[in-house]
Amino acid sequence: MRELKFRAWDNEDKELIYDLQHCPSGYPFGDYIYDDRFSDVMQFTGLKDKNETNIYEGDIVQYHGIGNDDIGVVKFGEAGDYEASFLIKSLTKPNYNYTLMYPECQSYEILGNIYENPKLAERR
């Protein structure tokens with residue numbers, strides 16, 4: 001079973017906050033979801049990159065798959081995208097997605113994230 005972990009962007013301190021299950025109020029994510037200070041609660045995908053770093057939503061990754069190399073942003077599937085699964089939305093190929101379903105056939109390297117490295121996410 002995949003370990004559930006979450007992080008959020010702190011708009012005030014300009015940093016990612018990890019381990020959201022340890023909120024001061026005692027309510028899971030409560031202080032983060034309802035406080036304008038924090039943006040986007042992002043979930044751990046259950047996968048690690050080639051450097052053994054946890055891959056979260058919002059990470060910008062270099063993708064190496066069978067016959068494909070690309071850069072994209074990790075997202076949770078939306079309507080029309082692979083609903084209820086994690087995917088990489090390509091930053092170089094419009095409307096192209098890669099699933100994170102077969103880690104034995106793919107490798108990933110985290111290059112940054114959409115908050116600390118926004119220029120990487122603007123490659124389109």
# chains A, B, ... in the order shown; residues from 1 in each chain; ligands from 1
>>> residues_around(residues="Phe38 (chain A)", least_positions_apart="4", cutoff="7 Å", atoms="only C-alpha atoms", output="PyMOL selection string")
chain A and resi 8-11+32
>>> atom_distance(atom1="CA of Glu109 (chain A)", atom2="CA of His64 (chain A)")
8.6 Å
>>> closest_residue(among="A:Lys89, A:Lys119, A:Lys5, A:Lys48", to="Val74 (chain A)", atoms="only C-alpha atoms")
A:Lys89
>>> residues_around(residues="Thr53 (chain A)", least_positions_apart="5", cutoff="12 Å", atoms="only C-alpha atoms", output="list in words")
Phe44, Thr45, Gly46, Leu47, Lys48, Asp59, Val61, Tyr108, Glu109, Ile110, Leu111 and Gly112 of chain A
>>> write_last_selection(atoms="N, CA and C atoms", output="tab-separated table (two decimals), in the first residue's frame")
chain	number	residue	atom	x	y	z
A	44	PHE	N	2.04	12.95	-2.36
A	44	PHE	CA	3.15	12.08	-2.75
A	44	PHE	C	2.60	11.01	-3.69
A	45	THR	N	3.31	10.74	-4.77
A	45	THR	CA	2.83	9.77	-5.77
A	45	THR	C	3.08	8.32	-5.36
A	46	GLY	N	3.96	8.11	-4.39
A	46	GLY	CA	4.34	6.75	-4.03
A	46	GLY	C	5.60	6.31	-4.76
A	47	LEU	N	6.11	7.15	-5.66
A	47	LEU	CA	7.31	6.83	-6.43
A	47	LEU	C	8.47	7.73	-6.04
A	48	LYS	N	9.67	7.26	-6.33
A	48	LYS	CA	10.88	8.04	-6.09
A	48	LYS	C	11.61	8.21	-7.42
A	59	ASP	N	5.89	18.59	-8.91
A	59	ASP	CA	7.31	18.43	-9.26
A	59	ASP	C	7.46	18.50	-10.77
A	61	VAL	N	9.66	17.06	-13.68
A	61	VAL	CA	10.53	15.89	-13.82
A	61	VAL	C	11.00	15.70	-15.26
A	108	TYR	N	12.65	8.64	-13.78
A	108	TYR	CA	12.34	10.05	-13.59
A	108	TYR	C	13.47	10.72	-12.83
A	109	GLU	N	13.65	12.00	-13.08
A	109	GLU	CA	14.57	12.80	-12.29
A	109	GLU	C	13.89	14.13	-12.00
A	110	ILE	N	13.78	14.48	-10.73
A	110	ILE	CA	13.17	15.75	-10.35
A	110	ILE	C	14.13	16.87	-10.70
A	111	LEU	N	13.64	17.84	-11.48
A	111	LEU	CA	14.43	19.00	-11.86
A	111	LEU	C	14.11	20.21	-10.99
A	112	GLY	N	12.96	20.17	-10.32
A	112	GLY	CA	12.50	21.28	-9.49
A	112	GLY	C	11.03	21.11	-9.23
